[in-house]
>>> print(open('coords.pdb').read())   # PDB, C-alpha atoms, pLDDT in the B column
ATOM      1  CA  MET A 220       4.791  16.638  17.890  1.00 56.00           C
ATOM      2  CA  LYS A 221       3.212  15.361  14.687  1.00 81.00           C
ATOM      3  CA  TRP A 222      -0.313  14.088  14.327  1.00 86.00           C
ATOM      4  CA  VAL A 223      -2.618  12.925  11.571  1.00 88.00           C
ATOM      5  CA  ARG A 224      -6.346  12.467  11.426  1.00 92.00           C
ATOM      6  CA  ILE A 225      -7.552   9.087  10.173  1.00 93.00           C
ATOM      7  CA  GLY A 226     -11.322   9.037   9.968  1.00 94.00           C
ATOM      8  CA  ASP A 227     -12.468  10.310  13.357  1.00 94.00           C
ATOM      9  CA  ILE A 228      -9.265   9.328  15.189  1.00 94.00           C
ATOM     10  CA  ILE A 229      -6.196  11.453  15.867  1.00 92.00           C
ATOM     11  CA  VAL A 230      -2.923   9.499  15.696  1.00 91.00           C
ATOM     12  CA  LEU A 231       0.121  10.968  17.473  1.00 88.00           C
ATOM     13  CA  ASN A 232       3.793  10.122  17.085  1.00 79.00           C
ATOM     14  CA  ARG A 233       4.574  10.879  20.755  1.00 78.00           C
ATOM     15  CA  ASP A 234       2.786  11.232  24.072  1.00 77.00           C
ATOM     16  CA  VAL A 235       1.273  14.575  25.118  1.00 80.00           C
ATOM     17  CA  GLU A 236       0.157  15.996  28.466  1.00 82.00           C
ATOM     18  CA  ASP A 237      -3.370  16.853  27.397  1.00 85.00           C
ATOM     19  CA  PRO A 238      -4.609  14.457  24.690  1.00 87.00           C
ATOM     20  CA  GLU A 239      -8.228  15.248  25.598  1.00 88.00           C
ATOM     21  CA  LYS A 240      -7.856  18.614  23.839  1.00 90.00           C
ATOM     22  CA  PHE A 241      -8.071  16.793  20.507  1.00 90.00           C
ATOM     23  CA  LEU A 242     -11.538  15.558  21.414  1.00 91.00           C
ATOM     24  CA  GLU A 243     -12.675  19.187  21.141  1.00 91.00           C
ATOM     25  CA  MET A 244     -12.093  19.017  17.373  1.00 92.00           C
ATOM     26  CA  PRO A 245     -15.334  18.460  15.432  1.00 93.00           C
ATOM     27  CA  GLY A 246     -16.067  14.792  14.897  1.00 92.00           C
ATOM     28  CA  VAL A 247     -13.014  13.407  16.719  1.00 93.00           C
ATOM     29  CA  ARG A 248     -13.812  10.365  18.885  1.00 93.00           C
ATOM     30  CA  GLY A 249     -10.397   9.034  19.872  1.00 92.00           C
ATOM     31  CA  VAL A 250      -6.704   9.829  20.285  1.00 93.00           C
ATOM     32  CA  LEU A 251      -4.051   7.129  19.797  1.00 91.00           C
ATOM     33  CA  LEU A 252      -0.304   6.915  20.217  1.00 88.00           C
ATOM     34  CA  VAL A 253       1.492   4.494  17.895  1.00 81.00           C
ATOM     35  CA  GLU A 254       4.281   3.031  20.027  1.00 78.00           C
ATOM     36  CA  GLU A 255       5.692   0.494  17.589  1.00 70.00           C
ATOM     37  CA  ILE A 256       5.250  -1.086  14.180  1.00 73.00           C
ATOM     38  CA  SER A 257       6.867  -4.517  14.142  1.00 68.00           C
ATOM     39  CA  GLY A 258       7.428  -7.650  12.102  1.00 67.00           C
ATOM     40  CA  PRO A 259       6.933  -8.496   8.435  1.00 68.00           C
ATOM     41  CA  LEU A 260       3.171  -8.093   8.858  1.00 66.00           C
ATOM     42  CA  ARG A 261       3.730  -4.514  10.131  1.00 71.00           C
ATOM     43  CA  LYS A 262       1.566  -5.011  13.206  1.00 75.00           C
ATOM     44  CA  PRO A 263       1.032  -1.847  15.276  1.00 79.00           C
ATOM     45  CA  ARG A 264       1.156  -1.487  19.034  1.00 82.00           C
ATOM     46  CA  VAL A 265      -0.924   1.490  20.086  1.00 84.00           C
ATOM     47  CA  ARG A 266      -2.044   3.153  23.290  1.00 88.00           C
ATOM     48  CA  VAL A 267      -5.402   4.895  23.603  1.00 89.00           C
ATOM     49  CA  LEU A 268      -4.770   8.340  25.100  1.00 91.00           C
ATOM     50  CA  ALA A 269      -8.299   9.720  24.973  1.00 91.00           C
ATOM     51  CA  GLY A 270     -11.699   8.440  23.930  1.00 89.00           C
ATOM     52  CA  GLU A 271     -12.287   4.741  23.458  1.00 79.00           C
ATOM     53  CA  CYS A 272     -12.378   3.886  19.767  1.00 84.00           C
ATOM     54  CA  THR A 273      -9.655   2.380  17.593  1.00 90.00           C
ATOM     55  CA  GLU A 274     -11.850   1.475  14.619  1.00 94.00           C
ATOM     56  CA  THR A 275     -12.900   4.083  12.089  1.00 95.00           C
ATOM     57  CA  ILE A 276     -13.875   4.689   8.471  1.00 96.00           C
ATOM     58  CA  HIS A 277     -11.430   6.892   6.604  1.00 95.00           C
ATOM     59  CA  ARG A 278     -12.151   8.636   3.302  1.00 95.00           C
ATOM     60  CA  GLU A 279      -9.349   9.015   0.777  1.00 94.00           C
ATOM     61  CA  ASN A 280      -9.458   9.737  -2.945  1.00 93.00           C
ATOM     62  CA  GLY A 281     -13.217   9.301  -3.032  1.00 95.00           C
ATOM     63  CA  CYS A 282     -13.011   5.844  -1.445  1.00 97.00           C
ATOM     64  CA  LEU A 283     -13.931   4.545   2.006  1.00 97.00           C
ATOM     65  CA  PHE A 284     -11.611   2.443   4.151  1.00 97.00           C
ATOM     66  CA  ARG A 285     -12.708   0.693   7.316  1.00 96.00           C
ATOM     67  CA  ILE A 286      -9.742   0.090   9.600  1.00 95.00           C
ATOM     68  CA  ASP A 287      -8.920  -0.754  13.215  1.00 93.00           C
ATOM     69  CA  LEU A 288      -5.729   1.135  14.010  1.00 91.00           C
ATOM     70  CA  SER A 289      -4.909  -1.187  16.893  1.00 88.00           C
ATOM     71  CA  ARG A 290      -4.691  -4.110  14.439  1.00 90.00           C
ATOM     72  CA  VAL A 291      -3.604  -2.636  11.108  1.00 89.00           C
ATOM     73  CA  MET A 292      -1.174   0.132  10.172  1.00 81.00           C
ATOM     74  CA  TRP A 293      -2.446   3.011   8.032  1.00 82.00           C
ATOM     75  CA  SER A 294       0.220   4.368   5.680  1.00 76.00           C
ATOM     76  CA  ARG A 295      -0.119   8.011   4.657  1.00 73.00           C
ATOM     77  CA  GLY A 296       3.307   8.400   3.041  1.00 71.00           C
ATOM     78  CA  ASN A 297       2.298   7.303  -0.452  1.00 84.00           C
ATOM     79  CA  ILE A 298      -1.097   8.995  -0.645  1.00 89.00           C
ATOM     80  CA  ASN A 299      -0.159  10.735  -3.926  1.00 91.00           C
ATOM     81  CA  GLU A 300       0.897   7.422  -5.449  1.00 94.00           C
ATOM     82  CA  ARG A 301      -2.396   5.823  -4.472  1.00 94.00           C
ATOM     83  CA  ALA A 302      -4.160   8.674  -6.272  1.00 94.00           C
ATOM     84  CA  ARG A 303      -1.886   8.398  -9.354  1.00 96.00           C
ATOM     85  CA  ILE A 304      -2.234   4.704 -10.122  1.00 97.00           C
ATOM     86  CA  PRO A 305      -5.949   4.658 -11.070  1.00 97.00           C
ATOM     87  CA  GLY A 306      -5.154   7.242 -13.736  1.00 97.00           C
ATOM     88  CA  VAL A 307      -2.678   4.962 -15.535  1.00 97.00           C
ATOM     89  CA  VAL A 308      -4.747   1.759 -15.454  1.00 98.00           C
ATOM     90  CA  GLU A 309      -6.231   1.129 -18.890  1.00 97.00           C
ATOM     91  CA  ASP A 310      -9.741  -0.110 -19.646  1.00 98.00           C
ATOM     92  CA  GLY A 311     -10.173  -3.861 -19.416  1.00 98.00           C
ATOM     93  CA  GLU A 312      -6.869  -4.607 -17.711  1.00 98.00           C
ATOM     94  CA  THR A 313      -6.356  -7.401 -15.228  1.00 98.00           C
ATOM     95  CA  VAL A 314      -4.467  -5.981 -12.253  1.00 98.00           C
ATOM     96  CA  VAL A 315      -2.627  -7.932  -9.563  1.00 98.00           C
ATOM     97  CA  ASP A 316      -1.982  -6.075  -6.304  1.00 98.00           C
ATOM     98  CA  MET A 317       0.673  -8.222  -4.621  1.00 97.00           C
ATOM     99  CA  PHE A 318       0.595  -6.455  -1.230  1.00 95.00           C
ATOM    100  CA  ALA A 319      -3.001  -5.320  -1.020  1.00 96.00           C
ATOM    101  CA  GLY A 320      -3.287  -4.523   2.685  1.00 93.00           C
ATOM    102  CA  ILE A 321      -6.778  -3.191   3.351  1.00 95.00           C
ATOM    103  CA  GLY A 322      -7.125  -2.177  -0.302  1.00 96.00           C
ATOM    104  CA  TYR A 323      -4.976   0.981  -0.473  1.00 95.00           C
ATOM    105  CA  PHE A 324      -4.397   0.566  -4.236  1.00 97.00           C
ATOM    106  CA  SER A 325      -6.978  -2.057  -5.183  1.00 98.00           C
ATOM    107  CA  ILE A 326     -10.035  -0.081  -4.078  1.00 98.00           C
ATOM    108  CA  PRO A 327      -9.159   3.194  -5.909  1.00 97.00           C
ATOM    109  CA  VAL A 328      -8.311   1.230  -9.058  1.00 98.00           C
ATOM    110  CA  ALA A 329     -11.677  -0.543  -8.935  1.00 98.00           C
ATOM    111  CA  VAL A 330     -13.584   2.660  -8.153  1.00 98.00           C
ATOM    112  CA  HIS A 331     -11.879   5.127 -10.507  1.00 98.00           C
ATOM    113  CA  SER A 332     -10.576   2.939 -13.361  1.00 97.00           C
ATOM    114  CA  ASN A 333     -12.292   0.377 -15.562  1.00 97.00           C
ATOM    115  CA  PRO A 334     -10.333  -2.848 -14.992  1.00 98.00           C
ATOM    116  CA  ARG A 335     -11.648  -6.256 -15.954  1.00 98.00           C
ATOM    117  CA  ARG A 336     -10.462  -7.710 -12.648  1.00 98.00           C
ATOM    118  CA  VAL A 337      -8.311  -6.723  -9.683  1.00 98.00           C
ATOM    119  CA  HIS A 338      -6.669  -9.593  -7.805  1.00 98.00           C
ATOM    120  CA  SER A 339      -5.837  -8.377  -4.292  1.00 98.00           C
ATOM    121  CA  ILE A 340      -3.347 -10.552  -2.401  1.00 98.00           C
ATOM    122  CA  GLU A 341      -2.760 -10.102   1.337  1.00 97.00           C
ATOM    123  CA  ILE A 342      -0.928 -12.334   3.816  1.00 95.00           C
ATOM    124  CA  ASN A 343      -1.985 -10.614   7.065  1.00 93.00           C
ATOM    125  CA  PRO A 344      -5.340 -12.082   8.234  1.00 95.00           C
ATOM    126  CA  ASP A 345      -6.293  -8.843  10.026  1.00 93.00           C
ATOM    127  CA  SER A 346      -5.638  -6.737   6.923  1.00 94.00           C
ATOM    128  CA  PHE A 347      -7.456  -9.316   4.802  1.00 97.00           C
ATOM    129  CA  GLU A 348     -10.540  -8.998   6.987  1.00 97.00           C
ATOM    130  CA  PHE A 349     -10.652  -5.252   6.370  1.00 97.00           C
ATOM    131  CA  LEU A 350      -9.841  -5.713   2.676  1.00 98.00           C
ATOM    132  CA  LYS A 351     -12.981  -7.827   2.264  1.00 98.00           C
ATOM    133  CA  SER A 352     -14.997  -5.304   4.264  1.00 98.00           C
ATOM    134  CA  ASN A 353     -13.738  -2.410   2.113  1.00 98.00           C
ATOM    135  CA  ILE A 354     -14.564  -4.247  -1.088  1.00 98.00           C
ATOM    136  CA  GLU A 355     -18.173  -4.415   0.118  1.00 98.00           C
ATOM    137  CA  LEU A 356     -18.134  -0.876   1.511  1.00 98.00           C
ATOM    138  CA  ASN A 357     -17.123   0.530  -1.885  1.00 98.00           C
ATOM    139  CA  ARG A 358     -19.435  -1.849  -3.803  1.00 98.00           C
ATOM    140  CA  VAL A 359     -16.709  -3.316  -6.019  1.00 98.00           C
ATOM    141  CA  GLU A 360     -17.385  -7.008  -5.288  1.00 97.00           C
ATOM    142  CA  GLY A 361     -17.724  -7.705  -9.000  1.00 95.00           C
ATOM    143  CA  VAL A 362     -14.294  -6.278  -9.751  1.00 98.00           C
ATOM    144  CA  VAL A 363     -11.963  -7.025  -6.829  1.00 98.00           C
ATOM    145  CA  GLU A 364     -11.161 -10.633  -5.960  1.00 98.00           C
ATOM    146  CA  PRO A 365      -9.367 -11.007  -2.587  1.00 98.00           C
ATOM    147  CA  HIS A 366      -6.764 -13.724  -1.982  1.00 98.00           C
ATOM    148  CA  LEU A 367      -5.412 -14.599   1.473  1.00 98.00           C
ATOM    149  CA  GLY A 368      -1.841 -15.877   1.441  1.00 97.00           C
ATOM    150  CA  ASP A 369       1.727 -15.343   0.260  1.00 97.00           C
ATOM    151  CA  CYS A 370       1.902 -13.511  -3.056  1.00 97.00           C
ATOM    152  CA  ARG A 371       4.967 -15.577  -4.017  1.00 97.00           C
ATOM    153  CA  SER A 372       2.735 -18.617  -4.380  1.00 97.00           C
ATOM    154  CA  ILE A 373      -0.500 -16.916  -5.474  1.00 98.00           C
ATOM    155  CA  ALA A 374       0.726 -14.382  -8.065  1.00 98.00           C
ATOM    156  CA  PRO A 375       2.422 -16.930 -10.393  1.00 98.00           C
ATOM    157  CA  GLU A 376      -0.958 -18.644 -10.780  1.00 98.00           C
ATOM    158  CA  LEU A 377      -2.471 -15.428 -12.168  1.00 98.00           C
ATOM    159  CA  ASP A 378      -2.056 -13.521 -15.447  1.00 97.00           C
ATOM    160  CA  ALA A 379      -1.770  -9.748 -15.147  1.00 98.00           C
ATOM    161  CA  ASP A 380      -1.599  -6.799 -17.496  1.00 98.00           C
ATOM    162  CA  ARG A 381      -0.419  -4.700 -14.547  1.00 98.00           C
ATOM    163  CA  VAL A 382       1.255  -5.660 -11.263  1.00 98.00           C
ATOM    164  CA  ILE A 383       1.404  -3.341  -8.255  1.00 98.00           C
ATOM    165  CA  MET A 384       4.213  -3.952  -5.750  1.00 97.00           C
ATOM    166  CA  GLY A 385       3.378  -1.261  -3.193  1.00 92.00           C
ATOM    167  CA  TYR A 386       5.590  -2.595  -0.403  1.00 88.00           C
ATOM    168  CA  VAL A 387       9.069  -1.617   0.774  1.00 87.00           C
ATOM    169  CA  GLY A 388      11.833  -3.306   2.719  1.00 82.00           C
ATOM    170  CA  THR A 389      12.336  -6.591   0.886  1.00 90.00           C
ATOM    171  CA  THR A 390      10.298  -6.003  -2.269  1.00 94.00           C
ATOM    172  CA  HIS A 391      13.037  -7.383  -4.524  1.00 95.00           C
ATOM    173  CA  HIS A 392      12.524 -10.821  -2.962  1.00 96.00           C
ATOM    174  CA  PHE A 393       9.132 -10.926  -4.706  1.00 97.00           C
ATOM    175  CA  LEU A 394      10.240  -9.855  -8.192  1.00 98.00           C
ATOM    176  CA  GLU A 395      10.487 -13.366  -9.611  1.00 97.00           C
ATOM    177  CA  ALA A 396       6.867 -14.046  -8.645  1.00 98.00           C
ATOM    178  CA  ALA A 397       5.847 -10.771 -10.276  1.00 98.00           C
ATOM    179  CA  MET A 398       7.632 -11.718 -13.502  1.00 98.00           C
ATOM    180  CA  GLU A 399       5.837 -15.073 -13.575  1.00 97.00           C
ATOM    181  CA  CYS A 400       2.575 -13.171 -13.281  1.00 97.00           C
ATOM    182  CA  VAL A 401       2.937 -10.233 -15.690  1.00 98.00           C
ATOM    183  CA  ASN A 402       1.930 -10.728 -19.323  1.00 97.00           C
ATOM    184  CA  GLU A 403       4.007  -9.795 -22.354  1.00 97.00           C
ATOM    185  CA  GLY A 404       3.808  -6.010 -22.648  1.00 97.00           C
ATOM    186  CA  GLY A 405       2.461  -5.700 -19.118  1.00 98.00           C
ATOM    187  CA  VAL A 406       3.418  -3.005 -16.619  1.00 98.00           C
ATOM    188  CA  LEU A 407       5.073  -3.360 -13.228  1.00 98.00           C
ATOM    189  CA  HIS A 408       4.920  -0.696 -10.487  1.00 98.00           C
ATOM    190  CA  TYR A 409       7.904  -1.549  -8.294  1.00 98.00           C
ATOM    191  CA  HIS A 410       8.537   0.157  -4.934  1.00 96.00           C
ATOM    192  CA  GLU A 411      11.858   0.089  -3.083  1.00 96.00           C
ATOM    193  CA  THR A 412      13.757   1.948  -0.359  1.00 94.00           C
ATOM    194  CA  VAL A 413      17.140   2.933  -1.776  1.00 95.00           C
ATOM    195  CA  PRO A 414      20.241   4.938  -0.777  1.00 95.00           C
ATOM    196  CA  GLU A 415      20.236   8.265  -2.576  1.00 94.00           C
ATOM    197  CA  SER A 416      23.401   7.522  -4.607  1.00 95.00           C
ATOM    198  CA  ILE A 417      21.709   4.562  -6.344  1.00 96.00           C
ATOM    199  CA  MET A 418      18.156   5.858  -6.128  1.00 93.00           C
ATOM    200  CA  PHE A 419      16.944   4.529  -9.472  1.00 94.00           C
ATOM    201  CA  SER A 420      19.872   2.447 -10.735  1.00 96.00           C
ATOM    202  CA  ARG A 421      19.595  -0.365  -8.165  1.00 96.00           C
ATOM    203  CA  PRO A 422      15.832  -0.894  -8.545  1.00 97.00           C
ATOM    204  CA  LEU A 423      16.193  -1.069 -12.333  1.00 97.00           C
ATOM    205  CA  LYS A 424      19.062  -3.570 -12.129  1.00 97.00           C
ATOM    206  CA  ARG A 425      17.041  -5.773  -9.817  1.00 97.00           C
ATOM    207  CA  ILE A 426      14.038  -5.643 -12.147  1.00 98.00           C
ATOM    208  CA  GLU A 427      16.185  -6.440 -15.186  1.00 98.00           C
ATOM    209  CA  ARG A 428      17.819  -9.381 -13.391  1.00 97.00           C
ATOM    210  CA  ALA A 429      14.463 -10.849 -12.401  1.00 97.00           C
ATOM    211  CA  ALA A 430      13.008 -10.316 -15.895  1.00 97.00           C
ATOM    212  CA  HIS A 431      15.874 -11.965 -17.841  1.00 97.00           C
ATOM    213  CA  PRO A 432      15.688 -13.110 -20.617  1.00 97.00           C
ATOM    214  CA  ARG A 433      12.748 -10.758 -21.087  1.00 97.00           C
ATOM    215  CA  ARG A 434      13.476  -7.048 -21.557  1.00 97.00           C
ATOM    216  CA  VAL A 435      12.117  -4.076 -19.622  1.00 98.00           C
ATOM    217  CA  SER A 436      11.699  -0.416 -20.531  1.00 98.00           C
ATOM    218  CA  VAL A 437      11.208   2.383 -18.015  1.00 98.00           C
ATOM    219  CA  LEU A 438       7.926   4.270 -18.409  1.00 98.00           C
ATOM    220  CA  ASP A 439       8.167   6.546 -15.371  1.00 97.00           C
ATOM    221  CA  ARG A 440       9.853   6.945 -12.011  1.00 96.00           C
ATOM    222  CA  HIS A 441       8.905   8.826  -8.869  1.00 94.00           C
ATOM    223  CA  VAL A 442      10.271   9.697  -5.460  1.00 95.00           C
ATOM    224  CA  ILE A 443       7.584   8.906  -2.905  1.00 93.00           C
ATOM    225  CA  LYS A 444       9.198  10.249   0.270  1.00 91.00           C
ATOM    226  CA  LYS A 445      12.328  10.332   2.381  1.00 89.00           C
ATOM    227  CA  TYR A 446      12.421   7.034   4.264  1.00 89.00           C
ATOM    228  CA  SER A 447      15.382   7.644   6.588  1.00 90.00           C
ATOM    229  CA  PRO A 448      18.594   9.737   6.481  1.00 94.00           C
ATOM    230  CA  GLY A 449      20.085   9.233   3.012  1.00 94.00           C
ATOM    231  CA  VAL A 450      17.432   6.666   2.006  1.00 95.00           C
ATOM    232  CA  TRP A 451      14.426   7.298  -0.251  1.00 95.00           C
ATOM    233  CA  HIS A 452      11.245   5.441  -1.083  1.00 94.00           C
ATOM    234  CA  VAL A 453      10.948   5.347  -4.877  1.00 96.00           C
ATOM    235  CA  VAL A 454       8.748   3.671  -7.474  1.00 97.00           C
ATOM    236  CA  LEU A 455       9.611   2.616 -11.023  1.00 97.00           C
ATOM    237  CA  ASP A 456       6.976   1.973 -13.679  1.00 98.00           C
ATOM    238  CA  VAL A 457       8.387  -0.489 -16.231  1.00 98.00           C
ATOM    239  CA  ARG A 458       6.975  -2.336 -19.200  1.00 98.00           C
ATOM    240  CA  VAL A 459       7.988  -5.977 -19.496  1.00 98.00           C
ATOM    241  CA  HIS A 460       8.589  -7.209 -23.047  1.00 97.00           C
TER
END
>>> encode(input="coords.pdb", output="structure tokens")
Amino acid sequence: MKWVRIGDIIVLNRDVEDPEKFLEMPGVRGVLLVEEISGPLRKPRVRVLAGECTETIHRENGCLFRIDLSRVMWSRGNINERARIPGVVEDGETVVDMFAGIGYFSIPVAVHSNPRRVHSIEINPDSFEFLKSNIELNRVEGVVEPHLGDCRSIAPELDADRVIMGYVGTTHHFLEAAMECVNEGGVLHYHETVPESIMFSRPLKRIERAAHPRRVSVLDRHVIKKYSPGVWHVVLDVRVH
């Protein structure tokens, strides 16, 4: 059995005989079982095993995130990446977060960096509701501008010094929109799930194809986590010339 604590809620990956034992932990108010994550909007189906709450406020990287775990998935797999990105954002940059969710990347960038503006795009209305709430909760209303809708139509209308593509599965389908958005000399953080044998070669080829006739140069690359047997979640940082 694996479990994680998100705010004051324990989230399990399988059922247990005595979920009430978790309520004995200091500050824990609820125990949930995530039964399924489905669809392109990554909607969770959960079952409350103990306690009554599904909404909580979680603290990560010095930021606060309000979330209802029965409506929105919380991803813990790329926690180190969410901590890394604010450290590479330069003063005065305009950042476009194409898959903002509840603000996983946008909020830390606004709190810990000094961007001119962060455009946070989210298509899921539930996630967008919490994104707006978290902007207020972290007092970054003057920095983060939320956009509800498909990033393929919104991003090309924006100009970015840095584009964050913190989504996996079909991320390459959104590369053309990212290239229409990123300025000359701008940086792209591109996430993909890739078979181990082509771990970094396929993402780079896809980026180069979308960028043509512009050129790209690799600044950095990271393995985020193992996604499934023989498949890895990776991220490439590239500069677009």
>>> resolve_selection(input="coords.pdb", expression="the PyMOL selection byres ((chain A and resi 396-413) around 6)", output="ChimeraX atom specification")
/A:371,374-375,377-385,387,393-395,414,418,450-460
>>> residues_around(input="coords.pdb", residues="stretch 303-315 of chain A", least_positions_apart="4", cutoff="7 Å", atoms="all atoms listed in the file", output="list of chain:residue names")
A:Asn299, A:Pro327, A:Val328, A:His331, A:Ser332, A:Asn333, A:Pro334, A:Arg335, A:Arg336, A:Val337, A:His338, A:Ser339, A:Ala379, A:Asp380, A:Arg381, A:Val382, A:Ile383
>>> resolve_selection(input="coords.pdb", expression="the PyMOL selection byres ((chain A and resi 366) around 12)", output="PDB file with C-alpha atoms, in the frame of the given file")
ATOM      1  CA  VAL A 315      -2.627  -7.932  -9.563  1.00 98.00           C
ATOM      2  CA  ASP A 316      -1.982  -6.075  -6.304  1.00 98.00           C
ATOM      3  CA  MET A 317       0.673  -8.222  -4.621  1.00 97.00           C
ATOM      4  CA  PHE A 318       0.595  -6.455  -1.230  1.00 95.00           C
ATOM      5  CA  ALA A 319      -3.001  -5.320  -1.020  1.00 96.00           C
ATOM      6  CA  GLY A 320      -3.287  -4.523   2.685  1.00 93.00           C
ATOM      7  CA  ILE A 321      -6.778  -3.191   3.351  1.00 95.00           C
ATOM      8  CA  GLY A 322      -7.125  -2.177  -0.302  1.00 96.00           C
ATOM      9  CA  VAL A 337      -8.311  -6.723  -9.683  1.00 98.00           C
ATOM     10  CA  HIS A 338      -6.669  -9.593  -7.805  1.00 98.00           C
ATOM     11  CA  SER A 339      -5.837  -8.377  -4.292  1.00 98.00           C
ATOM     12  CA  ILE A 340      -3.347 -10.552  -2.401  1.00 98.00           C
ATOM     13  CA  GLU A 341      -2.760 -10.102   1.337  1.00 97.00           C
ATOM     14  CA  ILE A 342      -0.928 -12.334   3.816  1.00 95.00           C
ATOM     15  CA  ASN A 343      -1.985 -10.614   7.065  1.00 93.00           C
ATOM     16  CA  PRO A 344      -5.340 -12.082   8.234  1.00 95.00           C
ATOM     17  CA  SER A 346      -5.638  -6.737   6.923  1.00 94.00           C
ATOM     18  CA  PHE A 347      -7.456  -9.316   4.802  1.00 97.00           C
ATOM     19  CA  GLU A 348     -10.540  -8.998   6.987  1.00 97.00           C
ATOM     20  CA  LEU A 350      -9.841  -5.713   2.676  1.00 98.00           C
ATOM     21  CA  LYS A 351     -12.981  -7.827   2.264  1.00 98.00           C
ATOM     22  CA  VAL A 363     -11.963  -7.025  -6.829  1.00 98.00           C
ATOM     23  CA  GLU A 364     -11.161 -10.633  -5.960  1.00 98.00           C
ATOM     24  CA  PRO A 365      -9.367 -11.007  -2.587  1.00 98.00           C
ATOM     25  CA  LEU A 367      -5.412 -14.599   1.473  1.00 98.00           C
ATOM     26  CA  GLY A 368      -1.841 -15.877   1.441  1.00 97.00           C
ATOM     27  CA  ASP A 369       1.727 -15.343   0.260  1.00 97.00           C
ATOM     28  CA  CYS A 370       1.902 -13.511  -3.056  1.00 97.00           C
ATOM     29  CA  SER A 372       2.735 -18.617  -4.380  1.00 97.00           C
ATOM     30  CA  ILE A 373      -0.500 -16.916  -5.474  1.00 98.00           C
ATOM     31  CA  ALA A 374       0.726 -14.382  -8.065  1.00 98.00           C
ATOM     32  CA  GLU A 376      -0.958 -18.644 -10.780  1.00 98.00           C
ATOM     33  CA  LEU A 377      -2.471 -15.428 -12.168  1.00 98.00           C
TER      34      LEU A 377
END
>>> resolve_selection(input="coords.pdb", expression="the PyMOL selection byres ((chain A and resi 424) around 12)", output="VMD selection string")
chain A and resid 391 394 409 417 to 423 425 to 431 434 to 437 455 457
>>> atom_distance(input="coords.pdb", atom1="atom CA of A:Ile298", atom2="atom CA of A:Phe284")
13.3 Å
>>> atom_distance(input="coords.pdb", atom1="atom CA of A:Asp345", atom2="atom CA of A:Asp234")
26.1 Å
>>> residues_near_point(input="coords.pdb", point="(-8.8, 11.3, 13.1)", cutoff="8 Å", atoms="all atoms listed in the file", output="list in words")
Val223, Arg224, Ile225, Gly226, Asp227, Ile228, Ile229, Val230, Val247, Arg248, Gly249 and Val250 of chain A
>>> closest_residue(input="coords.pdb", among="A:Asn353, A:Ser325, A:Tyr446, A:Leu252", to="A:Gly388", atoms="only C-alpha atoms")
A:Tyr446
>>> closest_residue(input="coords.pdb", among="A:Arg433, A:Asn232, A:Tyr323, A:Val265", to="A:Arg278", atoms="only C-alpha atoms")
A:Tyr323
>>> atom_distance(input="coords.pdb", atom1="atom CA of A:Ile326", atom2="atom CA of A:Arg295")
15.5 Å
>>> closest_residue(input="coords.pdb", among="A:Glu300, A:Lys240, A:Glu355, A:Val362", to="A:Ile443", atoms="only C-alpha atoms")
A:Glu300
>>> closest_residue(input="coords.pdb", among="A:Thr389, A:Gly361, A:Leu356, A:Asn280", to="A:Phe324", atoms="all atoms listed in the file")
A:Asn280
